[in-house]
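Structure file query03.tsv (TSV, C-alpha atoms and all ligand atoms) follows.
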```
chain	number	residue	atom	x	y	z
A	21	MET	CA	344.03	233.27	22.41
A	22	ASN	CA	344.81	230.43	24.80
A	23	ILE	CA	343.82	230.06	28.43
A	24	ILE	CA	345.66	227.29	30.26
A	25	VAL	CA	344.06	225.68	33.30
A	26	VAL	CA	346.65	224.03	35.54
A	27	GLY	CA	345.11	221.29	37.69
A	28	GLY	CA	342.39	221.16	35.05
A	29	THR	CA	341.14	217.74	36.13
A	30	GLY	CA	340.81	218.40	39.88
A	31	GLN	CA	337.52	219.42	41.52
A	32	LEU	CA	337.56	223.09	40.53
A	33	GLY	CA	339.22	222.28	37.19
A	34	GLN	CA	336.34	219.94	36.31
A	35	CYS	CA	333.80	222.57	37.39
A	36	LEU	CA	335.51	225.08	35.09
A	37	GLN	CA	335.34	222.54	32.26
A	38	GLU	CA	331.61	222.19	32.84
A	39	THR	CA	331.03	225.94	33.13
A	40	THR	CA	332.92	226.79	29.94
A	41	ARG	CA	331.40	223.95	27.89
A	42	SER	CA	328.00	225.57	27.27
A	43	LYS	CA	329.24	228.62	25.34
A	44	LYS	CA	331.34	229.50	22.29
A	45	TRP	CA	334.45	231.39	23.37
A	46	ASP	CA	336.97	233.68	21.72
A	47	TYR	CA	339.42	231.81	23.93
A	48	ASN	CA	340.79	228.31	23.52
A	49	PHE	CA	340.71	226.65	26.95
A	50	VAL	CA	343.45	224.09	27.56
A	51	PHE	CA	342.73	221.92	30.60
A	52	LEU	CA	345.97	220.37	31.82
A	53	SER	CA	346.06	217.34	34.12
A	54	SER	CA	349.09	216.72	36.33
A	55	LYS	CA	350.23	214.27	33.64
A	56	ASP	CA	350.17	217.01	30.98
A	57	LEU	CA	351.97	219.41	33.29
A	58	ASN	CA	353.67	218.77	36.59
A	59	TYR	CA	354.15	222.42	37.50
A	60	THR	CA	356.81	221.66	40.12
A	61	ASP	CA	359.01	221.01	37.04
A	62	LYS	CA	360.41	224.32	35.76
A	63	ASP	CA	361.30	222.99	32.30
A	64	GLN	CA	357.87	221.42	31.76
A	65	THR	CA	356.21	224.64	32.87
A	66	ALA	CA	358.37	226.71	30.53
A	67	ALA	CA	357.60	224.33	27.62
A	68	ILE	CA	353.83	224.67	28.18
A	69	PHE	CA	354.05	228.47	28.19
A	70	LYS	CA	356.20	228.37	25.05
A	71	THR	CA	353.58	226.20	23.31
A	72	TYR	CA	350.51	228.21	24.29
A	73	SER	CA	351.67	231.79	25.11
A	74	PRO	CA	348.50	232.02	27.23
A	75	VAL	CA	346.60	235.25	27.89
A	76	PHE	CA	345.38	233.78	31.17
A	77	CYS	CA	346.73	231.00	33.35
A	78	ILE	CA	344.12	229.68	35.81
A	79	ASN	CA	345.77	227.73	38.59
A	80	CYS	CA	343.35	225.16	40.03
A	81	ALA	CA	346.18	222.84	41.10
A	82	ALA	CA	347.31	222.46	44.67
A	83	TYR	CA	348.36	220.04	47.35
A	84	THR	CA	345.02	219.88	49.22
A	85	ALA	CA	345.43	216.99	51.71
A	86	VAL	CA	345.25	219.09	54.88
A	87	ASP	CA	346.08	216.36	57.41
A	88	LEU	CA	348.69	214.58	55.25
A	89	ALA	CA	350.51	217.87	54.70
A	90	GLU	CA	351.61	217.79	58.34
A	91	ASP	CA	353.76	214.72	57.45
A	92	GLU	CA	354.54	215.69	53.85
A	93	GLN	CA	355.68	219.26	54.36
A	94	GLU	CA	358.26	219.16	51.59
A	95	GLN	CA	355.68	218.07	49.02
A	96	ALA	CA	353.12	220.63	50.22
A	97	PHE	CA	355.61	223.50	49.83
A	98	ALA	CA	356.95	222.12	46.52
A	99	ILE	CA	353.44	222.33	45.06
A	100	ASN	CA	351.76	225.20	46.93
A	101	GLN	CA	354.76	227.55	47.07
A	102	TYR	CA	357.61	226.73	44.66
A	103	ALA	CA	355.50	225.47	41.75
A	104	VAL	CA	353.31	228.58	42.09
A	105	LYS	CA	356.53	230.63	41.87
A	106	ASN	CA	357.35	228.77	38.61
A	107	LEU	CA	353.96	229.69	37.21
A	108	ALA	CA	354.26	233.32	38.25
A	109	GLU	CA	357.70	233.61	36.64
A	110	GLN	CA	356.39	232.20	33.36
A	111	CYS	CA	353.37	234.52	33.55
A	112	ARG	CA	355.72	237.49	33.90
A	113	LEU	CA	357.75	236.30	30.90
A	114	TYR	CA	354.71	235.90	28.64
A	115	ASP	CA	352.66	238.83	30.05
A	116	THR	CA	350.02	236.29	31.12
A	117	THR	CA	347.40	237.18	33.75
A	118	LEU	CA	347.46	234.62	36.56
A	119	ILE	CA	344.24	233.62	38.34
A	120	HIS	CA	345.23	231.73	41.46
A	121	ILE	CA	343.12	230.10	44.17
A	122	SER	CA	343.99	230.27	47.85
A	123	THR	CA	342.28	229.39	51.08
A	124	ASP	CA	340.56	230.57	54.27
A	125	PHE	CA	343.15	228.42	56.08
A	126	VAL	CA	345.69	231.29	55.82
A	127	PHE	CA	343.84	232.72	58.86
A	128	ASN	CA	344.30	231.42	62.39
A	129	GLY	CA	340.63	231.58	63.32
A	130	ASP	CA	341.03	234.03	66.20
A	131	TYR	CA	338.83	236.76	64.69
A	132	SER	CA	335.06	236.65	65.09
A	133	ILE	CA	334.01	239.09	62.37
A	134	PRO	CA	334.02	238.23	58.63
A	135	LEU	CA	337.61	238.31	57.38
A	136	THR	CA	338.63	241.03	54.94
A	137	GLU	CA	341.61	240.88	52.58
A	138	GLU	CA	343.48	243.41	54.75
A	139	LEU	CA	343.44	241.40	57.98
A	140	PRO	CA	346.72	239.84	59.17
A	141	VAL	CA	347.20	236.17	58.33
A	142	ASN	CA	348.73	233.49	60.52
A	143	PRO	CA	348.08	229.91	59.37
A	144	VAL	CA	347.72	227.17	61.97
A	145	ASN	CA	348.65	224.24	59.72
A	146	VAL	CA	351.22	223.30	57.07
A	147	TYR	CA	348.70	223.40	54.21
A	148	GLY	CA	347.65	226.95	55.18
A	149	LEU	CA	351.25	228.12	55.49
A	150	SER	CA	352.24	226.59	52.14
A	151	LYS	CA	349.26	228.30	50.45
A	152	LEU	CA	350.18	231.63	52.08
A	153	LYS	CA	353.75	231.30	50.78
A	154	GLY	CA	352.30	230.71	47.30
A	155	GLU	CA	350.24	233.91	47.57
A	156	GLN	CA	353.34	235.83	48.61
A	157	GLU	CA	355.43	234.48	45.70
A	158	ILE	CA	352.78	235.81	43.30
A	159	GLN	CA	352.63	239.22	44.99
A	160	GLY	CA	356.42	239.50	44.74
A	161	ILE	CA	356.59	238.60	41.03
A	162	LEU	CA	353.43	239.79	39.31
A	163	GLU	CA	351.19	242.80	38.96
A	164	LYS	CA	348.67	241.15	36.63
A	165	TYR	CA	347.19	238.59	38.98
A	166	TYR	CA	344.02	237.65	40.82
A	167	THR	CA	344.36	235.60	43.99
A	168	ILE	CA	341.00	234.38	45.21
A	169	ARG	CA	340.83	232.97	48.72
A	170	THR	CA	337.89	230.61	49.05
A	171	SER	CA	336.64	228.13	51.66
A	172	TRP	CA	335.14	224.67	52.09
A	173	LEU	CA	334.83	223.86	48.36
A	174	TYR	CA	332.45	221.10	47.31
A	175	SER	CA	330.74	219.99	44.11
A	176	GLU	CA	329.48	216.96	42.22
A	177	LYS	CA	333.11	216.31	41.17
A	178	ALA	CA	336.11	214.72	42.89
A	179	ASN	CA	336.38	214.35	46.68
A	180	ASN	CA	334.95	216.81	49.16
A	181	PHE	CA	333.10	217.02	52.48
A	182	VAL	CA	329.65	216.50	50.92
A	183	LYS	CA	330.75	213.30	49.20
A	184	THR	CA	332.55	212.14	52.36
A	185	MET	CA	329.35	212.56	54.40
A	186	LEU	CA	327.22	210.72	51.82
A	187	ASN	CA	329.77	207.90	51.54
A	188	LEU	CA	330.07	207.51	55.32
A	189	SER	CA	326.27	207.27	55.60
A	190	LYS	CA	326.31	204.06	53.53
A	191	ASN	CA	327.97	202.11	56.37
A	192	ARG	CA	327.20	204.14	59.46
A	193	ASP	CA	324.00	205.09	61.26
A	194	GLN	CA	325.59	207.82	63.34
A	195	LEU	CA	328.28	210.44	62.69
A	196	ASN	CA	330.15	212.87	64.94
A	197	VAL	CA	330.73	216.24	63.30
A	198	ILE	CA	332.57	219.30	64.61
A	199	TYR	CA	330.43	222.29	65.61
A	200	ASP	CA	333.13	224.73	66.77
A	201	GLN	CA	334.76	225.39	63.40
A	202	VAL	CA	332.70	228.00	61.59
A	203	GLY	CA	333.07	229.13	57.98
A	204	THR	CA	331.13	229.11	54.72
A	205	PRO	CA	330.77	226.22	52.25
A	206	THR	CA	331.40	227.18	48.62
A	207	TYR	CA	329.94	225.42	45.59
A	208	ALA	CA	332.86	225.08	43.15
A	209	ILE	CA	330.51	225.75	40.20
A	210	ASP	CA	329.73	229.19	41.71
A	211	LEU	CA	333.47	229.87	42.03
A	212	ALA	CA	334.04	228.70	38.44
A	213	LYS	CA	331.44	231.26	37.30
A	214	VAL	CA	333.34	233.99	39.14
A	215	ILE	CA	336.56	232.98	37.38
A	216	ILE	CA	334.73	233.20	34.05
A	217	LYS	CA	333.46	236.63	35.03
A	218	ILE	CA	337.05	237.73	35.68
A	219	ILE	CA	338.30	236.59	32.28
A	220	SER	CA	335.35	238.37	30.66
A	221	LEU	CA	336.09	241.76	32.30
A	222	GLU	CA	336.75	244.62	29.93
A	223	LYS	CA	338.77	246.48	32.52
A	224	PRO	CA	340.91	244.37	34.87
A	225	VAL	CA	340.70	244.76	38.64
A	226	TYR	CA	343.81	242.82	39.71
A	227	GLY	CA	344.51	241.88	43.30
A	228	LEU	CA	343.60	239.73	46.28
A	229	TYR	CA	339.94	238.77	46.78
A	230	HIS	CA	337.79	236.67	49.10
A	231	TYR	CA	335.00	234.53	47.67
A	232	SER	CA	332.72	231.97	49.31
A	233	ASN	CA	328.98	231.44	49.22
A	234	GLU	CA	326.85	233.68	51.45
A	235	GLY	CA	326.03	232.82	55.04
A	236	VAL	CA	327.73	231.07	57.91
A	237	ALA	CA	327.86	227.43	59.01
A	238	SER	CA	329.76	225.00	61.17
A	239	TRP	CA	330.81	221.66	59.70
A	240	TYR	CA	327.95	220.25	61.80
A	241	ASP	CA	325.43	222.61	60.15
A	242	PHE	CA	326.91	221.71	56.77
A	243	ALA	CA	326.57	217.96	57.41
A	244	LYS	CA	322.98	218.36	58.69
A	245	ALA	CA	322.05	220.25	55.51
A	246	VAL	CA	323.66	217.58	53.30
A	247	PHE	CA	321.42	214.88	54.80
A	248	GLU	CA	318.37	217.15	54.84
A	249	PHE	CA	318.66	217.85	51.09
A	250	ALA	CA	319.63	214.25	50.28
A	251	GLU	CA	316.60	213.10	52.34
A	252	ILE	CA	318.73	210.63	54.30
A	253	ASP	CA	317.77	209.90	57.87
A	254	MET	CA	321.09	210.17	59.68
A	255	LYS	CA	321.90	210.81	63.31
A	256	ILE	CA	324.59	213.46	63.57
A	257	SER	CA	326.10	214.38	66.91
A	258	PRO	CA	327.78	217.77	67.34
A	259	VAL	CA	331.27	217.39	68.80
A	260	SER	CA	334.03	219.85	69.69
A	261	SER	CA	337.39	220.04	67.88
A	262	ALA	CA	338.92	218.72	71.10
A	263	ALA	CA	336.74	215.61	70.87
A	264	PHE	CA	337.35	215.01	67.13
A	265	VAL	CA	341.12	215.01	66.89
A	266	THR	CA	342.75	215.50	63.48
A	267	LYS	CA	346.43	215.60	62.57
A	268	ALA	CA	346.20	219.20	61.35
A	269	LYS	CA	344.76	221.99	63.48
A	270	ARG	CA	342.01	223.94	61.68
A	271	PRO	CA	340.81	227.53	62.31
A	272	HIS	CA	337.77	227.93	64.57
A	273	PHE	CA	336.46	230.86	62.54
A	274	SER	CA	337.14	231.43	58.83
A	275	VAL	CA	334.08	233.28	57.48
A	276	LEU	CA	335.29	235.42	54.57
A	277	ASP	CA	334.09	238.97	53.92
A	278	LYS	CA	333.17	239.17	50.21
A	279	SER	CA	332.44	242.91	49.95
A	280	LYS	CA	335.50	243.61	47.78
A	281	ILE	CA	334.77	241.00	45.09
A	282	LYS	CA	331.04	241.80	45.03
A	283	LYS	CA	331.82	245.44	44.31
A	284	ALA	CA	334.68	244.83	41.85
A	285	LEU	CA	332.74	242.29	39.75
A	286	ASN	CA	329.25	243.65	40.42
A	287	ILE	CA	327.97	240.22	41.44
A	288	GLU	CA	325.48	238.72	43.84
A	289	ILE	CA	326.59	235.58	45.64
A	290	PRO	CA	324.28	232.59	46.20
A	291	TYR	CA	323.41	231.56	49.78
A	292	TRP	CA	325.28	228.38	50.75
A	293	ARG	CA	322.17	226.28	51.43
A	294	ASP	CA	320.67	227.13	48.02
A	295	SER	CA	323.85	226.10	46.20
A	296	LEU	CA	324.18	222.96	48.31
A	297	ASN	CA	320.63	221.97	47.41
A	298	THR	CA	321.42	222.44	43.71
A	299	CYS	CA	324.53	220.27	44.01
A	300	ILE	CA	322.74	217.48	45.89
A	301	GLN	CA	319.89	217.39	43.37
A	302	ASN	CA	322.54	216.94	40.63
A	303	LEU	CA	324.27	214.02	42.35
B	401	LIG	N1	339.00	221.73	48.33
B	401	LIG	C1	338.73	222.72	49.18
B	401	LIG	O1	337.93	222.57	50.12
B	401	LIG	C2	339.37	224.05	49.02
B	401	LIG	C3	340.30	224.27	48.04
B	401	LIG	N2	340.92	225.50	47.93
B	401	LIG	C4	341.86	225.73	46.85
B	401	LIG	O2	341.13	225.64	45.65
B	401	LIG	C5	341.94	225.11	44.61
B	401	LIG	C6	341.22	223.96	43.93
B	401	LIG	O3	341.00	222.94	44.89
B	401	LIG	P1	340.30	221.56	44.50
B	401	LIG	O4	339.87	221.58	43.08
B	401	LIG	O5	339.31	221.24	45.54
B	401	LIG	O6	341.52	220.57	44.64
B	401	LIG	P2	341.70	219.06	44.12
B	401	LIG	O7	342.53	218.39	45.17
B	401	LIG	O8	340.41	218.48	43.74
B	401	LIG	O9	342.54	219.24	42.79
B	401	LIG	C7	343.86	219.63	42.82
B	401	LIG	C8	344.48	219.34	41.49
B	401	LIG	O10	345.86	219.72	41.54
B	401	LIG	C9	346.56	218.80	40.76
B	401	LIG	N3	347.97	218.79	41.12
B	401	LIG	C10	348.53	218.47	42.31
B	401	LIG	N4	349.86	218.53	42.22
B	401	LIG	C11	350.16	218.92	40.95
B	401	LIG	C12	351.35	219.15	40.26
B	401	LIG	N5	352.55	219.00	40.85
B	401	LIG	N6	351.30	219.54	38.96
B	401	LIG	C13	350.09	219.69	38.34
B	401	LIG	N7	348.92	219.47	38.96
B	401	LIG	C14	348.95	219.09	40.25
B	401	LIG	C15	345.91	217.47	41.08
B	401	LIG	O11	346.21	216.55	40.07
B	401	LIG	P3	346.29	214.95	40.44
B	401	LIG	O12	344.96	214.62	41.00
B	401	LIG	O13	346.58	214.33	39.14
B	401	LIG	O14	347.40	214.85	41.42
B	401	LIG	C16	344.44	217.86	41.09
B	401	LIG	O15	343.89	217.73	39.81
B	401	LIG	C17	343.28	224.78	45.28
B	401	LIG	O16	344.16	225.86	45.09
B	401	LIG	C18	342.93	224.67	46.74
B	401	LIG	O17	344.05	224.96	47.57
B	401	LIG	C19	340.61	226.55	48.76
B	401	LIG	C20	339.69	226.38	49.75
B	401	LIG	C21	338.95	225.14	49.93
B	402	LIG	C1	334.92	213.24	57.98
B	402	LIG	C2	334.61	214.14	59.14
B	402	LIG	C3	335.23	215.38	59.26
B	402	LIG	N1	334.93	216.17	60.31
B	402	LIG	C4	335.56	217.49	60.41
B	402	LIG	C5	337.08	217.52	60.32
B	402	LIG	C6	337.35	218.89	59.80
B	402	LIG	O1	337.42	219.78	60.90
B	402	LIG	C7	336.14	219.20	58.95
B	402	LIG	C8	336.37	219.11	57.45
B	402	LIG	O2	337.06	217.94	57.18
B	402	LIG	P1	337.62	217.57	55.76
B	402	LIG	O3	338.87	216.81	56.00
B	402	LIG	O4	336.55	216.97	54.94
B	402	LIG	O5	337.91	218.95	55.07
B	402	LIG	P2	339.24	219.81	55.08
B	402	LIG	O6	340.25	219.10	54.30
B	402	LIG	O7	339.62	220.26	56.40
B	402	LIG	O8	338.67	221.04	54.25
B	402	LIG	C9	339.52	222.09	53.96
B	402	LIG	O9	340.20	221.75	52.75
B	402	LIG	C10	341.17	222.69	52.38
B	402	LIG	C11	341.77	222.20	51.06
B	402	LIG	C12	340.71	224.08	52.41
B	402	LIG	O10	341.30	224.94	51.77
B	402	LIG	C13	339.66	224.48	53.41
B	402	LIG	O11	338.91	225.60	52.99
B	402	LIG	C14	338.74	223.36	53.78
B	402	LIG	O12	337.76	223.13	52.79
B	402	LIG	O13	335.12	218.28	59.33
B	402	LIG	C15	334.03	215.79	61.28
B	402	LIG	O14	333.78	216.53	62.26
B	402	LIG	N2	333.42	214.57	61.18
B	402	LIG	C16	333.68	213.72	60.15
B	402	LIG	O15	333.11	212.58	60.11
```
Starting from the coordinates I provided, produce the structure as structure tokens.
Ligand SMILES: NC(=O)C1=CN([C@@H]2O[C@H](COP(=O)(O)OP(=O)(O)OC[C@H]3O[C@@H](n4cnc5c(N)ncnc54)[C@H](OP(=O)(O)O)[C@@H]3O)[C@@H](O)[C@H]2O)C=CC1
Ligand SMILES: Cc1cn([C@H]2C[C@H](O)[C@@H](COP(=O)(O)OP(=O)(O)O[C@H]3O[C@@H](C)C(=O)[C@@H](O)[C@H]3O)O2)c(=O)[nH]c1=O
Amino acid sequence: MNIIVVGGTGQLGQCLQETTRSKKWDYNFVFLSSKDLNYTDKDQTAAIFKTYSPVFCINCAAYTAVDLAEDEQEQAFAINQYAVKNLAEQCRLYDTTLIHISTDFVFNGDYSIPLTEELPVNPVNVYGLSKLKGEQEIQGILEKYYTIRTSWLYSEKANNFVKTMLNLSKNRDQLNVIYDQVGTPTYAIDLAKVIIKIISLEKPVYGLYHYSNEGVASWYDFAKAVFEFAEIDMKISPVSSAAFVTKAKRPHFSVLDKSKIKKALNIEIPYWRDSLNTCIQNL
């Protein structure tokens, strides 16, 4: 029984590799880099499904460069929408369950209560819109799918906000960080464990879910905690989104409500500061 992991060498893909390594599985995990499978290519995608006839396809691949996406719209949609459609079509053909990852950036940030799966979406940037289109392709093609919206992923692997902060601190003695964008950081290892929980379920609970760590933070709070746990003396100044201009607009509020996934999987979710501390101690 094969499980293919598309984007298997990205941040979440590497965290899944680490999480699955410690145990013997009835499944054979196949971690595919973008060189093994460029899933924008229909023929390549079909060939991979023909080779493995997977029981699960875990899609950790995406176009994730939020600012660059504003200039590279075609590429963002090719990867986050049309390639996802390719995957979903192959999943339907092979009766494969698709586990797909989406983002808090499908919301516009205008709500001020934790966001449930039922709330209307309205992305404010190209990345968010392309990810939303990907979600909708899946919903239109498949019944056996899990789409997990998550937020502010970080880990010991690849590039992320935690690593950016630590790298910047090597050459700077002061950083400006936005305080008026509020969400929840998510340790990618915690998300990988949730994906493992899903593939281990005896009875499937398909559908759309929200998952992040527990609690609420601004990027400023997140940065402060990074330096606190890393024991680095760094001056961080809180700035508004208006003062820290980026190419892509980002939602002011994207705290996800996790009630549905907690109930469906019967899980407790770690508090974001506890997981961040674990990650920093591992770096
Ligand atoms: N990072 C974050 O903060 C958040 C991420 N998400 C979502 O979580 C998921 C995982 O993100 P994360 O691990 O951080 O992302 P990364 O950017 O670390 O990894 C993305 C992976 O996708 C691969 N990829 C890109 N294009 C293709 C392609 N055409 N064919 C095959 N593989 C491709 C990349 O391969 P290569 O490097 O070789 O190009 C890379 O390995 C994504 O769906 C993302 O949208 C959701 C919320 C927050
Ligand atoms: C580097 C830096 C960023 N920021 C701000 C900009 C931005 O609003 C916020 C985060 O910046 P980044 O570019 O690191 O992260 P960003 O790419 O916006 O992160 C997003 O990635 C995509 C893939 C998602 O799906 C989202 O959930 C979210 O994690 O921090 C500062 O305020 N100061 C800084 O020095």
Any residue with an atom at most 8 Å from ligand LIG 401 (chain B) counts, using all atoms listed in the file. Which are they? Put them as a compact mmCIF listing (two decimals) with C-alpha atoms, in the frame of the given file.
```txt
# COMPACT_ATOMS: atom_id res chain seq x y z
CA VAL A 26 346.65 224.03 35.54
CA GLY A 27 345.11 221.29 37.69
CA GLY A 28 342.39 221.16 35.05
CA THR A 29 341.14 217.74 36.13
CA GLY A 30 340.81 218.40 39.88
CA GLN A 31 337.52 219.42 41.52
CA LEU A 32 337.56 223.09 40.53
CA GLY A 33 339.22 222.28 37.19
CA GLN A 34 336.34 219.94 36.31
CA LEU A 52 345.97 220.37 31.82
CA SER A 53 346.06 217.34 34.12
CA SER A 54 349.09 216.72 36.33
CA LYS A 55 350.23 214.27 33.64
CA ASP A 56 350.17 217.01 30.98
CA LEU A 57 351.97 219.41 33.29
CA ASN A 58 353.67 218.77 36.59
CA TYR A 59 354.15 222.42 37.50
CA THR A 60 356.81 221.66 40.12
CA ASP A 61 359.01 221.01 37.04
CA ASN A 79 345.77 227.73 38.59
CA CYS A 80 343.35 225.16 40.03
CA ALA A 81 346.18 222.84 41.10
CA ALA A 82 347.31 222.46 44.67
CA TYR A 83 348.36 220.04 47.35
CA THR A 84 345.02 219.88 49.22
CA ALA A 85 345.43 216.99 51.71
CA ALA A 98 356.95 222.12 46.52
CA ILE A 99 353.44 222.33 45.06
CA ASN A 100 351.76 225.20 46.93
CA ALA A 103 355.50 225.47 41.75
CA HIS A 120 345.23 231.73 41.46
CA ILE A 121 343.12 230.10 44.17
CA SER A 122 343.99 230.27 47.85
CA THR A 123 342.28 229.39 51.08
CA ASP A 124 340.56 230.57 54.27
CA PHE A 125 343.15 228.42 56.08
CA LYS A 151 349.26 228.30 50.45
CA ARG A 169 340.83 232.97 48.72
CA THR A 170 337.89 230.61 49.05
CA SER A 171 336.64 228.13 51.66
CA TRP A 172 335.14 224.67 52.09
CA LEU A 173 334.83 223.86 48.36
CA TYR A 174 332.45 221.10 47.31
CA ALA A 178 336.11 214.72 42.89
CA ASN A 179 336.38 214.35 46.68
CA ASN A 180 334.95 216.81 49.16
CA PHE A 181 333.10 217.02 52.48
CA THR A 206 331.40 227.18 48.62
CA ALA A 208 332.86 225.08 43.15
```
>> Please report the interatomic distance between atom CA of Asn106 of chain A and atom CA of Gly227 of chain A in Å with one decimal.
In response: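 Atom CA of Gly227 of chain A lies at a distance of 18.9 Å from atom CA of Asn106 of chain A.
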> Quick one: distance from atom CA of Tyr166 of chain A to atom CA of Lys183 of chain A in Å, one decimal?
Replying inline: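 Taking atom CA of Tyr166 of chain A and atom CA of Lys183 of chain A, their separation equals 29.0 Å.
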>> Considering only C-alpha atoms, can you say which of A:Tyr291, A:Phe97, A:Tyr47, A:Tyr114 comes closest to Phe69 of chain A?
In response: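 Among A:Tyr291, A:Phe97, A:Tyr47, A:Tyr114, it is A:Tyr114 that comes nearest to Phe69 of chain A.
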> At what distance in Å, to one decimal, does atom CA of Leu276 of chain A lie from atom CA of Val126 of chain A?
Replying inline: 11.3 Å
> Can you list, as a list in words, every protein, DNA or RNA residue that comes within 7 Å of Gly154 of chain A when you count only C-alpha atoms, leaving out same-chain residues fewer than 3 positions away?
Replying inline: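 Returned residues: Asn100, Gln101, Val104, Lys105, Ser150, Lys151, Glu157 and Ile158 of chain A.
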Centre and size of axis-aligned box enclosing ligand LIG 402 (chain B) plus 5 Å each side, as JSON:
```
{"center_x": 337.4, "center_y": 219.1, "center_z": 56.7, "size_x": 18.7, "size_y": 23.0, "size_z": 21.2}
```
> So which residues are close to (338.3, 233.2, 62.4), meaning at most 8 Å away in the file's coordinates with only C-alpha atoms counted, and can you show them as a list in words?
Replying inline: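 I get Phe127, Asn128, Gly129, Asp130, Tyr131, Ser132, Ile133, Pro134, Leu135, Val202, Gly203, Pro271, His272, Phe273, Ser274 and Val275 of chain A for the residues within 8 Å of that point.
Remark: for ligand LIG 402 (chain B), the closest of the candidate residues A:Leu88, A:Ile289, A:Cys299, A:Ile218 is A:Leu88 (distances computed over all atoms listed in the file).
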